[in-house]
Amino acid sequence: MTVKGLISAFTQQEDLNFLLTNRIPRAAVTRFMGWFSKIENPLVRDASIACWRLFSDLDLSEAKKTEFKSLHDCFTRELRPGLRSADPDPSVVASPSDGIIGAFGRIEDTELFQIKSAPYSLLDLLGDPALVERHRNGRYLTLRLTSSMYHRFHAPYDATIERVRFIHGDVWNVNPIALKRVERLFCKNERAVLETRLASGEALTLVPVAAILVASIRLHFLDVTLNAQSRGPVEFPCDVRVRKGDELGWFEHGSTIIVLAPEHFEFADNVSEGARVRAGEALLRKPMG
């Protein structure tokens, strides 16, 4: 077995994985990683990326550039033009990011699931009763980004971003092992709530959730990076029009995006738990007419 295979087998032991990625000073480690990843030194950069490759399936063949200033520069890499074009079908709500589909389905009144038999509430996630009402009995879908994936996220549909709310919290790992062990995990972690409205008036909400090593979310249209050090307002009223596929921002490492849609939207045929999707591919279908 290769060194990479041994590492993978070692870290897939659930008790050990949970211990190594959660039973540590999560906030301190995340702050350190935020600082360390930005060091622009060739030796630090090359050693960090080599170590990253050992622990993941990192593939940089789609990257726009081949040389990176730092580990952070590699994490937040752009792709070559045309590699994540949004599905042009006007009925399609596109995936905002690359990811692995986790729990999805119908919101039962205001209850949804992080995994089977692990419920959480819309109010705990969103923190706003009015927004909860917009998504009562709606649809939800969870996308998990692994550390090696493309970390930028995009508008899933033509819409107007009306408000962003940043909610401070913890930085638990968001992998399936942690989701089985930590109740209401998404409601505990730092997250941003992006409220968007379609031209038809329907609400489509994105909730990027931060995690250990990645408690920073960059939003271009606000020209701000949201993290534990964010001060000042936690709500940002907006009036930003975006087109399907427009880049909205990035995660600093890898994490989760929860998509909330109206109840009459339908899941695309390719949606199944554990399936991998890419930004721009179909996630939901909006009834036309």
# chains A, B, ... in the order shown; residues from 1 in each chain; ligands from 1

$ residues_around --residues "Glu266 of chain A" --least-positions-apart "6" --cutoff "10 Å" --atoms "only C-alpha atoms" --output "list in words"
Val92, Val93, Gly105, Arg106, Arg139, Leu283, Leu284, Arg285, Lys286 and Pro287 of chain A

$ atom_distance --atom1 "atom CA of His151 of chain A" --atom2 "atom CA of Ile177 of chain A"
21.2 Å

$ closest_residue --among "A:Asp128, A:Asp89, A:Asp239, A:Asp269" --to "Met288 of chain A" --atoms "only C-alpha atoms"
A:Asp89

$ residues_around --residues "Ala103 of chain A" --least-positions-apart "2" --cutoff "8 Å" --atoms "only C-alpha atoms" --output "PyMOL selection string"
chain A and resi 101+105+113-116+141-142+273

$ closest_residue --among "A:Arg278, A:Arg80, A:Arg191, A:His135" --to "His264 of chain A" --atoms "only C-alpha atoms"
A:His135

$ closest_residue --among "A:Trp172, A:Ala178, A:Ala159, A:Val224" --to "Val242 of chain A" --atoms "only C-alpha atoms"
A:Ala159

$ closest_residue --among "A:Glu252, A:Asp57, A:Glu40, A:Asp246" --to "Ser148 of chain A" --atoms "only C-alpha atoms"
A:Asp57

$ atom_distance --atom1 "atom CA of Arg165 of chain A" --atom2 "atom CA of Pro88 of chain A"
29.3 Å

$ residues_around --residues "Arg163 of chain A" --least-positions-apart "3" --cutoff "7 Å" --atoms "only C-alpha atoms" --output "PyMOL selection string"
chain A and resi 194-195+236-238

$ closest_residue --among "A:Ser272, A:Ser37, A:Ser121, A:Ser216" --to "Arg184 of chain A" --atoms "only C-alpha atoms"
A:Ser121

$ atom_distance --atom1 "atom CA of Pro129 of chain A" --atom2 "atom CA of Pro208 of chain A"
19.0 Å

$ residues_around --residues "Arg218 of chain A" --least-positions-apart "2" --cutoff "6 Å" --atoms "only C-alpha atoms" --output "PyMOL selection string"
chain A and resi 225+249-250

$ closest_atom_pairs --of "segment 115-234 of chain A" --to "segment 64-77 of chain A" --cutoff "12 Å" --atoms "only C-alpha atoms" --output "JSON lines"
{"residue": "A:Leu145", "atom": "CA", "partner": "A:Phe75", "partner_atom": "CA", "distance": 11.9}
{"residue": "A:Thr146", "atom": "CA", "partner": "A:Phe75", "partner_atom": "CA", "distance": 11.1}
{"residue": "A:Ser147", "atom": "CA", "partner": "A:Phe75", "partner_atom": "CA", "distance": 8.1}
{"residue": "A:Ser148", "atom": "CA", "partner": "A:Phe75", "partner_atom": "CA", "distance": 7.8}
{"residue": "A:Met149", "atom": "CA", "partner": "A:Phe75", "partner_atom": "CA", "distance": 8.5}
{"residue": "A:Tyr150", "atom": "CA", "partner": "A:Arg77", "partner_atom": "CA", "distance": 7.1}
{"residue": "A:His151", "atom": "CA", "partner": "A:Thr76", "partner_atom": "CA", "distance": 5.8}
{"residue": "A:Arg152", "atom": "CA", "partner": "A:Thr76", "partner_atom": "CA", "distance": 6.8}
{"residue": "A:Phe153", "atom": "CA", "partner": "A:Thr76", "partner_atom": "CA", "distance": 10.5}
{"residue": "A:Leu213", "atom": "CA", "partner": "A:His72", "partner_atom": "CA", "distance": 11.3}
{"residue": "A:Val214", "atom": "CA", "partner": "A:Phe75", "partner_atom": "CA", "distance": 10.3}
{"residue": "A:Ser216", "atom": "CA", "partner": "A:Thr76", "partner_atom": "CA", "distance": 11.5}
{"residue": "A:Ile217", "atom": "CA", "partner": "A:Thr76", "partner_atom": "CA", "distance": 10.9}
{"residue": "A:Arg218", "atom": "CA", "partner": "A:Thr76", "partner_atom": "CA", "distance": 10.0}

$ write_last_selection --atoms "C-alpha atoms" --output "PDB file, in the first residue's frame"
ATOM      1  CA  LEU A 145     -16.989  20.706  -0.613  1.00  0.00           C
ATOM      2  CA  THR A 146     -13.919  18.630   0.187  1.00  0.00           C
ATOM      3  CA  SER A 147     -10.562  20.325   0.750  1.00  0.00           C
ATOM      4  CA  SER A 148      -9.266  19.493  -2.729  1.00  0.00           C
ATOM      5  CA  MET A 149     -12.257  20.848  -4.673  1.00  0.00           C
ATOM      6  CA  TYR A 150     -12.673  24.126  -6.512  1.00  0.00           C
ATOM      7  CA  HIS A 151     -13.639  26.500  -3.687  1.00  0.00           C
ATOM      8  CA  ARG A 152     -15.449  29.302  -5.509  1.00  0.00           C
ATOM      9  CA  PHE A 153     -19.228  29.493  -5.596  1.00  0.00           C
ATOM     10  CA  LEU A 213      -9.542  25.527   8.847  1.00  0.00           C
ATOM     11  CA  VAL A 214     -12.039  27.482   6.725  1.00  0.00           C
ATOM     12  CA  SER A 216     -13.655  32.683   6.208  1.00  0.00           C
ATOM     13  CA  ILE A 217     -16.145  33.379   3.437  1.00  0.00           C
ATOM     14  CA  ARG A 218     -15.289  35.967   0.790  1.00  0.00           C
TER      15      ARG A 218
END

$ closest_residue --among "A:Leu79, A:Ala28, A:Ala282, A:Ala261" --to "Thr205 of chain A" --atoms "only C-alpha atoms"
A:Ala261

$ select_by_dssp --residues "segment 106-284 of chain A" --states "strand (DSSP E or B)" --output "PyMOL selection string"
chain A and resi 106+108+111-115+118-121+139-144+152-154+159-167+170+189+191-197+203-209+216-219+224-227+235-242+247-251+256-261+266-267+276-277+282-284
